[in-house]
>>> print(open('work15.txt').read())   # compact mmCIF, C-alpha atoms
# COMPACT_ATOMS: atom_id res chain seq x y z
CA MET A 1 66.54 -10.81 4.90
CA ALA A 2 64.95 -10.73 8.35
CA SER A 3 65.83 -7.05 8.62
CA LYS A 4 64.09 -6.35 5.31
CA SER A 5 60.95 -8.18 6.49
CA LYS A 6 60.92 -6.15 9.70
CA PHE A 7 61.25 -2.93 7.72
CA GLN A 8 58.36 -3.94 5.43
CA LEU A 9 56.29 -4.81 8.48
CA PHE A 10 57.15 -1.40 9.97
CA LEU A 11 56.05 0.37 6.77
CA PHE A 12 52.87 -1.67 6.71
CA GLY A 13 52.16 -0.64 10.30
CA ILE A 14 52.76 3.03 9.51
CA GLY A 15 50.43 2.72 6.54
CA MET A 16 47.69 1.20 8.68
CA VAL A 17 48.03 3.97 11.25
CA LEU A 18 47.81 6.67 8.58
CA ALA A 19 44.84 4.95 6.97
CA SER A 20 43.09 4.76 10.35
CA LEU A 21 43.75 8.42 11.03
CA TYR A 22 42.32 9.32 7.60
CA VAL A 23 39.16 7.31 8.19
CA TYR A 24 38.80 8.78 11.68
CA LYS A 25 39.20 12.28 10.32
CA LYS A 26 36.62 11.65 7.61
CA ARG A 27 34.20 10.30 10.19
CA LYS A 28 34.76 13.31 12.43
CA ILE A 29 34.06 15.61 9.52
CA PHE A 30 30.94 13.60 8.71
CA LYS A 31 29.71 13.72 12.28
CA LYS A 32 30.21 17.48 12.42
CA ARG A 33 28.62 18.33 9.10
CA LYS A 34 27.70 21.99 9.31
CA GLN A 35 24.19 23.24 9.82
CA LEU A 36 22.54 24.54 6.66
CA LYS A 37 20.82 27.91 6.44
CA SER A 38 17.21 26.92 5.76
CA VAL A 39 14.80 24.00 5.51
CA GLU A 40 14.92 24.54 1.76
CA ASP A 41 18.67 23.80 1.83
CA TYR A 42 18.00 20.49 3.61
CA GLU A 43 15.36 19.66 1.00
CA ASN A 44 17.77 20.46 -1.83
CA HIS A 45 20.32 18.11 -0.29
CA ALA A 46 17.69 15.35 -0.10
CA ARG A 47 16.73 15.95 -3.72
CA GLU A 48 20.35 15.58 -4.82
CA LYS A 49 21.22 12.60 -2.61
CA LEU A 50 18.15 10.36 -2.68
CA PRO A 51 16.99 8.13 -5.53
CA ARG A 52 14.32 9.90 -7.52
CA PHE A 53 11.54 7.57 -6.37
CA THR A 54 12.45 7.95 -2.68
CA TYR A 55 12.59 11.73 -2.86
CA ALA A 56 9.22 11.80 -4.64
CA LEU A 57 7.74 9.55 -1.96
CA ILE A 58 8.57 11.94 0.89
CA SER A 59 8.20 15.30 -0.87
CA HIS A 60 5.42 15.09 -3.43
CA GLY A 61 1.66 15.13 -2.96
CA PHE A 62 -1.52 13.97 -4.64
CA GLY A 63 -2.41 14.94 -8.20
CA ASP A 64 -1.04 18.31 -9.28
CA ILE A 65 0.28 18.88 -5.71
CA ALA A 66 -1.96 21.94 -5.45
CA THR A 67 -2.70 21.19 -1.79
CA VAL A 68 1.01 20.89 -0.95
CA GLU A 69 1.70 24.24 -2.60
CA GLU A 70 -1.34 25.88 -1.01
CA ASN A 71 -0.24 24.78 2.46
CA MET A 72 3.01 26.70 2.03
CA ALA A 73 1.49 29.63 0.14
CA ALA A 74 -1.02 30.32 2.92
CA PHE A 75 1.78 31.38 5.27
CA GLN A 76 2.98 34.00 2.77
CA ARG A 77 -0.35 35.83 3.02
CA TYR A 78 0.53 37.03 6.50
CA SER A 79 3.22 39.42 7.67
CA LEU A 80 4.60 40.10 11.15
CA ARG A 81 4.15 43.42 12.94
CA LYS A 82 7.44 44.64 14.37
CA ARG A 83 7.99 46.02 17.88
CA LEU A 84 11.29 47.23 19.34
CA PHE A 85 13.29 46.95 22.59
CA ASN A 86 12.35 43.42 23.68
CA ASP A 87 13.98 40.75 25.82
CA PHE A 88 14.92 37.23 24.68
CA PRO A 89 11.81 34.98 24.77
CA ASP A 90 10.91 31.74 26.55
CA LEU A 91 9.76 29.22 23.93
CA SER A 92 8.47 26.49 26.25
CA ILE A 93 4.81 25.44 26.49
CA THR A 94 2.61 22.66 27.85
CA MET A 95 0.85 20.18 25.57
CA GLN A 96 -1.88 18.12 27.22
CA ASN A 97 -0.40 19.18 30.58
CA ASN A 98 3.12 18.06 29.65
CA HIS A 99 6.04 20.50 29.49
CA VAL A 100 8.02 20.76 26.24
CA ASP A 101 10.75 23.18 25.22
CA LEU A 102 9.27 24.17 21.86
CA PRO A 103 5.81 24.69 20.35
CA ILE A 104 6.99 22.58 17.42
CA GLY A 105 6.58 18.82 17.33
CA ILE A 106 7.44 15.93 15.04
CA GLY A 107 4.55 14.64 12.96
CA PRO A 108 4.06 10.96 12.08
CA SER A 109 6.08 10.00 9.00
CA THR A 110 6.81 6.54 7.62
CA TYR A 111 9.68 5.02 5.62
CA LYS A 112 12.38 6.67 7.72
CA SER A 113 14.70 3.69 7.21
CA TRP A 114 14.80 4.56 3.52
CA LEU A 115 16.55 7.78 4.50
CA TRP A 116 18.84 6.70 7.34
CA ARG A 117 19.57 3.43 9.09
CA ASP A 118 17.28 3.01 12.12
CA GLY A 119 15.59 6.27 11.14
CA ASP A 120 12.75 5.84 13.65
CA LEU A 121 15.23 5.56 16.51
CA CYS A 122 17.26 8.53 15.27
CA VAL A 123 14.18 10.75 15.20
CA SER A 124 13.07 9.51 18.62
CA ARG A 125 16.45 10.33 20.15
CA ALA A 126 16.43 13.76 18.50
CA ALA A 127 13.00 14.47 19.99
CA GLY A 128 14.30 13.46 23.39
CA PHE A 129 17.37 15.64 23.09
CA LEU A 130 15.24 18.62 22.08
CA ASN A 131 12.51 17.84 24.63
CA ILE A 132 9.71 18.18 22.11
CA CYS A 133 6.57 16.19 21.36
CA GLU A 134 6.82 13.38 18.82
CA ILE A 135 3.91 11.56 17.22
CA VAL A 136 5.16 8.03 16.54
CA PRO A 137 3.51 6.49 13.46
CA MET A 138 1.70 3.17 13.63
CA LEU A 139 3.47 2.18 10.39
CA SER A 140 6.97 2.54 11.83
CA ASP A 141 9.91 0.28 11.03
CA HIS A 142 10.56 -0.37 14.73
CA SER A 143 8.04 -1.34 17.37
CA LEU A 144 6.42 1.37 19.47
CA GLU A 145 8.20 -0.04 22.53
CA ARG A 146 11.63 0.06 20.87
CA ILE A 147 11.10 3.66 19.75
CA ILE A 148 10.20 5.00 23.18
CA GLU A 149 13.05 3.00 24.75
CA ALA A 150 15.51 4.82 22.48
CA ASN A 151 15.23 7.86 24.76
CA ALA A 152 17.45 8.09 27.81
CA SER A 153 14.76 9.99 29.73
CA SER A 154 11.27 8.69 30.49
CA ASP A 155 9.92 12.26 30.58
CA VAL A 156 9.94 12.72 26.79
CA LEU A 157 6.47 13.45 25.41
CA LYS A 158 5.44 10.74 22.93
CA TRP A 159 2.04 10.31 21.35
CA PHE A 160 1.13 7.23 19.32
CA GLN A 161 -0.72 7.53 16.02
CA ILE A 162 -3.23 4.90 14.95
CA PHE A 163 -5.27 4.06 11.90
CA ILE A 164 -8.44 2.05 12.39
CA CYS A 165 -8.03 -1.61 11.47
CA GLY A 166 -11.03 -3.57 10.29
CA ASP A 167 -10.10 -6.49 12.54
CA GLY A 168 -9.62 -4.32 15.64
CA TYR A 169 -5.85 -4.73 15.81
CA HIS A 170 -5.45 -1.01 16.54
CA GLU A 171 -7.01 -1.61 19.96
CA THR A 172 -4.13 -3.93 20.84
CA LEU A 173 -1.69 -1.21 19.80
CA VAL A 174 -3.46 1.37 21.97
CA ARG A 175 -3.08 -0.89 25.01
CA ARG A 176 0.57 -1.52 24.17
CA ALA A 177 1.20 2.22 23.79
CA GLU A 178 -0.37 3.00 27.16
CA SER A 179 1.71 0.27 28.83
CA ALA A 180 4.90 1.51 27.15
CA GLY A 181 4.53 5.06 28.50
CA TYR A 182 2.99 6.99 25.61
CA GLN A 183 0.97 9.99 26.78
CA GLY A 184 -1.55 10.47 24.00
CA ILE A 185 -3.31 8.64 21.17
CA VAL A 186 -3.49 10.43 17.82
CA VAL A 187 -6.28 9.13 15.60
CA ALA A 188 -5.71 9.55 11.86
CA SER A 189 -8.67 10.04 9.55
CA GLY A 190 -7.63 6.81 7.91
CA GLY A 191 -7.05 4.93 4.78
CA TYR A 192 -8.45 6.85 1.87
CA GLY A 193 -7.10 4.82 -1.01
CA TYR A 194 -5.29 2.27 1.16
CA GLU A 195 -7.64 -0.56 0.29
CA ASP A 196 -7.51 0.40 -3.38
CA ASP A 197 -3.73 0.59 -3.38
CA PHE A 198 -3.14 -2.68 -1.60
CA GLN A 199 -6.15 -4.88 -2.37
CA GLU A 200 -7.62 -3.75 -5.66
CA SER A 201 -5.55 -6.07 -7.83
CA ASP A 202 -2.93 -8.75 -7.54
CA TRP A 203 -0.37 -6.90 -9.62
CA LYS A 204 -0.35 -3.96 -7.20
CA LEU A 205 0.25 -6.33 -4.32
CA ALA A 206 3.03 -8.00 -6.27
CA ILE A 207 4.79 -4.74 -7.15
CA THR A 208 4.51 -3.48 -3.59
CA SER A 209 5.89 -6.74 -2.24
CA ILE A 210 8.85 -6.54 -4.61
CA VAL A 211 9.62 -3.00 -3.47
CA ASP A 212 9.34 -4.11 0.15
CA LYS A 213 11.79 -6.95 -0.40
CA LEU A 214 14.26 -4.76 -2.22
CA THR A 215 14.33 -2.27 0.64
CA ALA A 216 13.95 -4.88 3.41
CA LEU A 217 11.13 -2.76 4.82
CA ARG A 218 9.22 -4.33 7.70
CA LEU A 219 6.70 -2.85 10.11
CA GLY A 220 7.72 -3.18 13.74
CA ASN A 221 4.17 -2.99 15.09
CA PHE A 222 2.92 -5.70 12.73
CA ASN A 223 5.22 -8.60 13.62
CA GLN A 224 7.73 -7.56 10.95
CA MET A 225 5.21 -7.91 8.11
CA ASN A 226 5.81 -5.89 4.99
CA PRO A 227 3.28 -3.12 4.39
CA ALA A 228 1.35 -4.96 1.67
CA THR A 229 0.77 -7.97 3.91
CA ALA A 230 -0.10 -5.80 6.94
CA PHE A 231 -2.66 -3.73 5.03
CA HIS A 232 -4.17 -6.83 3.47
CA LYS A 233 -4.46 -8.72 6.77
CA HIS A 234 -5.66 -5.92 9.08
CA LYS A 235 -7.71 -3.94 6.53
CA ILE A 236 -6.99 -0.34 7.45
CA ARG A 237 -10.09 1.76 6.81
CA PRO A 238 -11.28 5.35 7.27
CA THR A 239 -12.15 6.44 10.81
CA VAL A 240 -15.78 7.14 11.75
CA TRP A 241 -17.08 8.88 14.85
CA LYS A 242 -18.14 5.69 16.61
CA ASP A 243 -14.48 4.62 16.47
CA VAL A 244 -13.58 7.70 18.52
CA ALA A 245 -16.22 6.82 21.10
CA ARG A 246 -14.86 3.27 21.27
CA LEU A 247 -11.31 4.52 21.80
CA LYS A 248 -12.44 6.81 24.62
CA SER A 249 -13.76 3.73 26.42
CA LEU A 250 -10.48 1.84 25.93
CA THR A 251 -7.93 4.27 27.34
CA ASN A 252 -7.46 7.10 29.79
CA LEU A 253 -4.89 8.75 27.53
CA PRO A 254 -5.85 12.00 25.76
CA ILE A 255 -7.39 11.46 22.33
CA ILE A 256 -6.12 13.83 19.64
CA LEU A 257 -7.85 13.73 16.25
CA MET A 258 -5.79 14.36 13.11
CA ASP A 259 -6.86 15.73 9.74
CA ILE A 260 -9.59 18.08 11.01
CA VAL A 261 -10.37 20.63 8.28
CA THR A 262 -13.74 22.21 9.14
CA PRO A 263 -15.26 23.98 12.17
CA GLU A 264 -18.10 21.45 12.13
CA GLU A 265 -15.65 18.54 12.53
CA ALA A 266 -13.87 20.37 15.32
CA GLU A 267 -17.15 20.87 17.20
CA THR A 268 -18.04 17.21 16.76
CA ALA A 269 -14.62 16.26 18.09
CA ILE A 270 -15.49 18.10 21.32
CA GLU A 271 -18.81 16.24 21.55
CA TYR A 272 -16.96 12.91 21.33
CA GLY A 273 -14.52 13.87 24.06
CA ALA A 274 -11.35 14.63 22.11
CA GLN A 275 -8.81 16.62 24.08
CA GLY A 276 -7.01 17.93 21.01
CA ILE A 277 -7.23 18.23 17.24
CA ILE A 278 -4.62 18.65 14.54
CA VAL A 279 -5.70 20.89 11.68
CA SER A 280 -4.21 18.99 8.77
CA ASN A 281 -4.95 17.89 5.23
CA GLU A 282 -2.49 14.97 5.41
CA GLY A 283 0.23 17.07 3.85
CA GLY A 284 -1.60 17.11 0.53
CA LYS A 285 -0.90 13.42 -0.03
CA THR A 286 -4.48 12.16 -0.41
CA VAL A 287 -6.67 14.91 -1.95
CA ASP A 288 -5.82 17.77 -4.29
CA SER A 289 -7.14 21.36 -4.30
CA LEU A 290 -7.81 21.65 -0.57
CA GLN A 291 -7.47 24.86 1.44
CA GLY A 292 -4.16 25.47 3.13
CA THR A 293 -4.24 24.53 6.79
CA LEU A 294 -3.37 28.05 7.93
CA GLU A 295 -6.39 29.39 6.01
CA ILE A 296 -8.70 27.00 7.85
CA LEU A 297 -7.22 27.61 11.29
CA PRO A 298 -8.98 30.90 12.29
CA GLU A 299 -12.43 29.45 11.55
CA ILE A 300 -11.73 26.41 13.68
CA ILE A 301 -10.33 28.48 16.56
CA ALA A 302 -13.45 30.65 16.48
CA ALA A 303 -15.65 27.55 16.65
CA VAL A 304 -13.92 25.71 19.53
CA GLY A 305 -12.38 28.46 21.64
CA ASN A 306 -10.51 26.97 24.60
CA LYS A 307 -12.51 23.73 24.78
CA LEU A 308 -9.58 21.69 23.45
CA GLU A 309 -6.04 22.21 22.24
CA VAL A 310 -5.68 22.99 18.54
CA TYR A 311 -2.49 22.15 16.66
CA VAL A 312 -1.69 22.68 13.00
CA SER A 313 0.35 20.71 10.47
CA GLY A 314 1.13 21.30 6.82
CA GLY A 315 3.32 23.80 5.04
CA VAL A 316 5.54 24.83 7.97
CA ARG A 317 9.03 25.51 6.63
CA SER A 318 10.39 28.15 9.01
CA GLY A 319 10.18 29.52 12.51
CA CYS A 320 8.37 32.49 11.02
CA ASP A 321 5.66 30.09 9.78
CA VAL A 322 5.36 28.73 13.32
CA MET A 323 4.97 32.27 14.67
CA LYS A 324 2.12 32.98 12.25
CA ALA A 325 0.29 29.78 13.17
CA LEU A 326 0.59 30.55 16.89
CA ALA A 327 -0.63 34.10 16.28
CA LEU A 328 -3.74 32.74 14.58
CA GLY A 329 -4.55 30.52 17.54
CA ALA A 330 -2.64 27.26 17.24
CA LYS A 331 -1.23 25.77 20.43
CA ALA A 332 1.70 24.25 18.51
CA CYS A 333 2.79 23.11 15.06
CA PHE A 334 3.82 19.68 13.83
CA VAL A 335 6.25 19.25 10.97
CA GLY A 336 6.80 16.22 8.75
CA ARG A 337 8.83 16.73 5.61
CA PRO A 338 11.47 19.00 7.23
CA VAL A 339 12.18 16.20 9.72
CA LEU A 340 12.77 13.76 6.88
CA TYR A 341 15.06 16.20 5.07
CA GLY A 342 17.12 16.63 8.23
CA LEU A 343 17.23 12.86 8.76
CA CYS A 344 18.51 12.39 5.22
CA TYR A 345 21.23 14.98 5.81
CA GLN A 346 22.76 13.64 9.02
CA GLY A 347 20.48 11.22 10.84
CA GLU A 348 19.72 12.22 14.42
CA GLU A 349 22.06 15.22 14.22
CA GLY A 350 20.36 16.42 11.04
CA VAL A 351 16.95 16.41 12.75
CA VAL A 352 18.40 18.36 15.68
CA GLN A 353 19.87 20.86 13.21
CA VAL A 354 16.51 21.44 11.51
CA PHE A 355 14.77 22.07 14.82
CA THR A 356 17.57 24.30 16.03
CA LEU A 357 17.07 26.33 12.88
CA LEU A 358 13.30 26.55 13.47
CA LYS A 359 13.86 27.40 17.13
CA ASN A 360 16.26 30.25 16.39
CA GLU A 361 13.97 31.66 13.70
CA LEU A 362 10.97 31.54 16.03
CA ALA A 363 12.93 33.23 18.83
CA LYS A 364 13.98 36.01 16.46
CA CYS A 365 10.39 36.52 15.30
CA MET A 366 9.13 36.67 18.88
CA THR A 367 11.79 39.18 19.87
CA SER A 368 10.95 41.31 16.84
CA THR A 369 7.25 41.34 17.69
CA GLY A 370 7.55 42.04 21.42
CA CYS A 371 6.69 38.56 22.69
CA THR A 372 8.69 37.23 25.63
CA SER A 373 6.66 34.03 25.98
CA ILE A 374 4.47 31.90 23.76
CA THR A 375 1.38 33.14 25.60
CA ASP A 376 2.20 36.69 24.46
CA ILE A 377 1.71 35.71 20.82
CA GLY A 378 -1.68 36.77 19.48
CA SER A 379 -3.50 38.04 16.42
CA SER A 380 -2.03 41.52 16.90
CA CYS A 381 1.38 40.08 15.94
CA VAL A 382 0.37 39.45 12.32
CA VAL A 383 -1.46 41.23 9.56
CA ARG A 384 -2.98 39.73 6.43
CA SER A 385 -1.92 41.34 3.19
CA ALA A 386 -4.74 43.29 1.59
CA SER A 387 -3.54 42.27 -1.85
CA TYR A 388 -4.42 38.63 -1.12
CA ASP A 389 -7.87 39.58 0.11
CA ASP A 390 -8.40 41.55 -3.09
CA GLU A 391 -7.49 38.49 -5.13
CA ASP A 392 -10.08 36.42 -3.26
CA VAL A 393 -12.90 38.80 -4.18
>>> encode(input="work15.txt", output="structure tokens")
Amino acid sequence: MASKSKFQLFLFGIGMVLASLYVYKKRKIFKKRKQLKSVEDYENHAREKLPRFTYALISHGFGDIATVEENMAAFQRYSLRKRLFNDFPDLSITMQNNHVDLPIGIGPSTYKSWLWRDGDLCVSRAAGFLNICEIVPMLSDHSLERIIEANASSDVLKWFQIFICGDGYHETLVRRAESAGYQGIVVASGGYGYEDDFQESDWKLAITSIVDKLTALRLGNFNQMNPATAFHKHKIRPTVWKDVARLKSLTNLPIILMDIVTPEEAETAIEYGAQGIIVSNEGGKTVDSLQGTLEILPEIIAAVGNKLEVYVSGGVRSGCDVMKALALGAKACFVGRPVLYGLCYQGEEGVVQVFTLLKNELAKCMTSTGCTSITDIGSSCVVRSASYDDEDV
């Protein structure tokens, strides 16, 4: 009888070992999920995997999503001009006097924990691994200190995004960001529709609170409040120019203004001491029927020259898109949705995969156009299709 019990125990042990090996193998396969071929493939995966509401939240835009579509369509109006017999390029640049390995950065996106556990930390670590600039959103799940601490190196370039709070709470966050080691403050144009969405009626607050509880979403920079409570208490509002002047007096960090869409705004940004601007229409999430950001870019470059650094965001889906933006005068590009698609695919590794894809595409475009460094890229590298100009007439 004892012998039978020992044999059963032996079989049980063998079974546990086999089960452990199976789980380990599955995890290894999961960790080494292959890189997909395009940003569109990562988006398709997100569409299939995520709940419909979550996918809509990160991918869709305002109204008929005309602005979202226009952002992407604008890049198709330009073609590259090929040159032969070129060496492999150097993709590194400086942004606000800080060295980075790519002219592509991570834009500020919220709700990352809906896509992957500790999504903010995953993206932060990916940015550190890639040595690229990341704009950390004010409305992150983790605190700004926890996010920057996720990087093994203190040399990683992090900028902190703020919205203006009616009670001045954003000033506290600016001081915290400077103390934590952030190297730039990115000022968003601010809460168009935020007050309506979160304060207009009790039922909206109730529904938002229910969603927050179901997803356990809390904002790390707002003492773990849910978004509805944070918006209601601190009263996020649109930014005005006197806010920029006030911020300049608070910090020695570079001030970068987001959501600039006209040459006049860009010139005013210079007057108020901004060191950089991001040409952006908020990814088409707040207003419909706006120009694509690439269409606006040449006008803004002509207006500001070299008086500040100009970045662009919106519609970038490939390294070729990055090349076109740089050729038209941008210092660098920031991407948002592609980061979230990569995060959904494989967490930190998925984000690295997306940027590796963009990096390789950009390198190929530079080699094909005779550019061995980012500074070689200029307007002679691209040509606008005459057919599109004819349509505009």
>>> residues_around(input="work15.txt", residues="Cys165 in chain A", least_positions_apart="6", cutoff="10 Å", atoms="only C-alpha atoms", output="VMD selection string")
chain A and resid 171 190 to 191 231 233 to 239
>>> residues_near_point(input="work15.txt", point="(8.1, 3.4, 6.1)", cutoff="9 Å", atoms="all atoms listed in the file", output="PyMOL selection string")
chain A and resi 109-114+139-141+217-219+227
>>> residues_around(input="work15.txt", residues="Ala332 in chain A", least_positions_apart="2", cutoff="10 Å", atoms="all atoms listed in the file", output="PyMOL selection string")
chain A and resi 93-95+102-105+133+278+309-313+322-323+325-326+329-330+334+374
>>> residues_around(input="work15.txt", residues="range 352-359 of chain A", least_positions_apart="4", cutoff="8 Å", atoms="all atoms listed in the file", output="PyMOL selection string")
chain A and resi 35-39+102+126-127+129-130+318-319+338-339+342+348+363
>>> residues_around(input="work15.txt", residues="Ile147 in chain A", least_positions_apart="3", cutoff="6 Å", atoms="only C-alpha atoms", output="PyMOL selection string")
chain A and resi 121+144+150
>>> write_last_selection(input="work15.txt", atoms="C-alpha atoms", output="tab-separated table (two decimals), in the coordinates of the input")
chain	number	residue	atom	x	y	z
A	121	LEU	CA	15.23	5.56	16.51
A	144	LEU	CA	6.42	1.37	19.47
A	150	ALA	CA	15.51	4.82	22.48
>>> closest_residue(input="work15.txt", among="A:Asn306, A:Leu290, A:Val240, A:Glu48", to="Ile270 in chain A", atoms="all atoms listed in the file")
A:Asn306
>>> residues_around(input="work15.txt", residues="Asp155 in chain A", least_positions_apart="3", cutoff="12 Å", atoms="all atoms listed in the file", output="VMD selection string")
chain A and resid 98 to 100 127 to 133 148 to 149 151 to 152 158 181 to 183
>>> atom_distance(input="work15.txt", atom1="CA of Arg246 in chain A", atom2="CA of Gly336 in chain A")
28.2 Å
>>> atom_distance(input="work15.txt", atom1="CA of Thr262 in chain A", atom2="CA of Ala303 in chain A")
9.4 Å
>>> closest_residue(input="work15.txt", among="A:Leu294, A:Leu173, A:Ala266, A:Cys122", to="Asn223 in chain A", atoms="only C-alpha atoms")
A:Leu173
>>> closest_atom_pairs(input="work15.txt", of="range 291-324 of chain A", to="range 64-71 of chain A", cutoff="7 Å", atoms="all atoms listed in the file", output="tab-separated table")
residue	atom	partner	partner_atom	distance
A:Gln291	CA	A:Glu70	CA	6.7
A:Gly292	CA	A:Asn71	CA	4.0
A:Thr293	CA	A:Asn71	CA	5.9
A:Gly314	CA	A:Asn71	CA	5.7
A:Gly315	CA	A:Asn71	CA	4.5
>>> atom_distance(input="work15.txt", atom1="CA of Gly284 in chain A", atom2="CA of His60 in chain A")
8.3 Å
>>> closest_residue(input="work15.txt", among="A:Ser92, A:Leu115, A:Glu265, A:Cys365", to="Pro51 in chain A", atoms="only C-alpha atoms")
A:Leu115
>>> closest_residue(input="work15.txt", among="A:Tyr341, A:Phe88, A:Tyr272, A:Phe222", to="Lys49 in chain A", atoms="only C-alpha atoms")
A:Tyr341
>>> residues_near_point(input="work15.txt", point="(7.4, 28.2, 4.3)", cutoff="8 Å", atoms="all atoms listed in the file", output="list in words")
Met72, Ala73, Phe75, Gln76, Gly315, Val316, Arg317, Ser318 and Asp321 of chain A
>>> closest_residue(input="work15.txt", among="A:Asn44, A:Asn97, A:Ser124, A:Ser154", to="Cys344 in chain A", atoms="all atoms listed in the file")
A:Asn44
>>> closest_residue(input="work15.txt", among="A:Ala74, A:Ile164, A:Leu50, A:Ala228", to="Leu297 in chain A", atoms="only C-alpha atoms")
A:Ala74
>>> build_atoms(input="work15.txt", residues="range 303-316 of chain A", atoms="N, CA, C and O atoms", output="PDB file, in the coordinates of the input")
ATOM      1  N   ALA A 303     -14.584  28.506  16.340  1.00  0.00           N
ATOM      2  CA  ALA A 303     -15.650  27.550  16.650  1.00  0.00           C
ATOM      3  C   ALA A 303     -15.426  26.836  17.984  1.00  0.00           C
ATOM      4  O   ALA A 303     -16.384  26.559  18.710  1.00  0.00           O
ATOM      5  N   VAL A 304     -14.176  26.541  18.345  1.00  0.00           N
ATOM      6  CA  VAL A 304     -13.920  25.710  19.530  1.00  0.00           C
ATOM      7  C   VAL A 304     -13.430  26.491  20.728  1.00  0.00           C
ATOM      8  O   VAL A 304     -13.511  26.008  21.863  1.00  0.00           O
ATOM      9  N   GLY A 305     -12.891  27.679  20.518  1.00  0.00           N
ATOM     10  CA  GLY A 305     -12.380  28.460  21.640  1.00  0.00           C
ATOM     11  C   GLY A 305     -11.311  27.721  22.409  1.00  0.00           C
ATOM     12  O   GLY A 305     -10.369  27.181  21.830  1.00  0.00           O
ATOM     13  N   ASN A 306     -11.480  27.645  23.734  1.00  0.00           N
ATOM     14  CA  ASN A 306     -10.510  26.970  24.600  1.00  0.00           C
ATOM     15  C   ASN A 306     -10.997  25.592  25.068  1.00  0.00           C
ATOM     16  O   ASN A 306     -10.516  25.069  26.072  1.00  0.00           O
ATOM     17  N   LYS A 307     -11.922  25.006  24.336  1.00  0.00           N
ATOM     18  CA  LYS A 307     -12.510  23.730  24.780  1.00  0.00           C
ATOM     19  C   LYS A 307     -11.582  22.538  24.541  1.00  0.00           C
ATOM     20  O   LYS A 307     -11.782  21.480  25.124  1.00  0.00           O
ATOM     21  N   LEU A 308     -10.617  22.695  23.666  1.00  0.00           N
ATOM     22  CA  LEU A 308      -9.580  21.690  23.450  1.00  0.00           C
ATOM     23  C   LEU A 308      -8.360  22.366  22.849  1.00  0.00           C
ATOM     24  O   LEU A 308      -8.406  23.529  22.458  1.00  0.00           O
ATOM     25  N   GLU A 309      -7.258  21.651  22.812  1.00  0.00           N
ATOM     26  CA  GLU A 309      -6.040  22.210  22.240  1.00  0.00           C
ATOM     27  C   GLU A 309      -6.037  21.984  20.728  1.00  0.00           C
ATOM     28  O   GLU A 309      -6.352  20.895  20.249  1.00  0.00           O
ATOM     29  N   VAL A 310      -5.689  23.038  19.993  1.00  0.00           N
ATOM     30  CA  VAL A 310      -5.680  22.990  18.540  1.00  0.00           C
ATOM     31  C   VAL A 310      -4.245  23.117  18.036  1.00  0.00           C
ATOM     32  O   VAL A 310      -3.549  24.093  18.358  1.00  0.00           O
ATOM     33  N   TYR A 311      -3.818  22.142  17.268  1.00  0.00           N
ATOM     34  CA  TYR A 311      -2.490  22.150  16.660  1.00  0.00           C
ATOM     35  C   TYR A 311      -2.662  22.237  15.147  1.00  0.00           C
ATOM     36  O   TYR A 311      -3.756  21.994  14.622  1.00  0.00           O
ATOM     37  N   VAL A 312      -1.599  22.570  14.460  1.00  0.00           N
ATOM     38  CA  VAL A 312      -1.690  22.680  13.000  1.00  0.00           C
ATOM     39  C   VAL A 312      -0.489  21.978  12.363  1.00  0.00           C
ATOM     40  O   VAL A 312       0.610  21.958  12.928  1.00  0.00           O
ATOM     41  N   SER A 313      -0.714  21.402  11.209  1.00  0.00           N
ATOM     42  CA  SER A 313       0.350  20.710  10.470  1.00  0.00           C
ATOM     43  C   SER A 313       0.128  20.928   8.983  1.00  0.00           C
ATOM     44  O   SER A 313      -1.003  20.949   8.510  1.00  0.00           O
ATOM     45  N   GLY A 314       1.231  21.122   8.270  1.00  0.00           N
ATOM     46  CA  GLY A 314       1.130  21.300   6.820  1.00  0.00           C
ATOM     47  C   GLY A 314       1.670  22.625   6.365  1.00  0.00           C
ATOM     48  O   GLY A 314       1.126  23.675   6.708  1.00  0.00           O
ATOM     49  N   GLY A 315       2.776  22.595   5.633  1.00  0.00           N
ATOM     50  CA  GLY A 315       3.320  23.800   5.040  1.00  0.00           C
ATOM     51  C   GLY A 315       4.327  24.554   5.875  1.00  0.00           C
ATOM     52  O   GLY A 315       4.886  25.553   5.415  1.00  0.00           O
ATOM     53  N   VAL A 316       4.586  24.119   7.104  1.00  0.00           N
ATOM     54  CA  VAL A 316       5.540  24.830   7.970  1.00  0.00           C
ATOM     55  C   VAL A 316       6.960  24.561   7.478  1.00  0.00           C
ATOM     56  O   VAL A 316       7.415  23.422   7.431  1.00  0.00           O
TER      57      VAL A 316
END
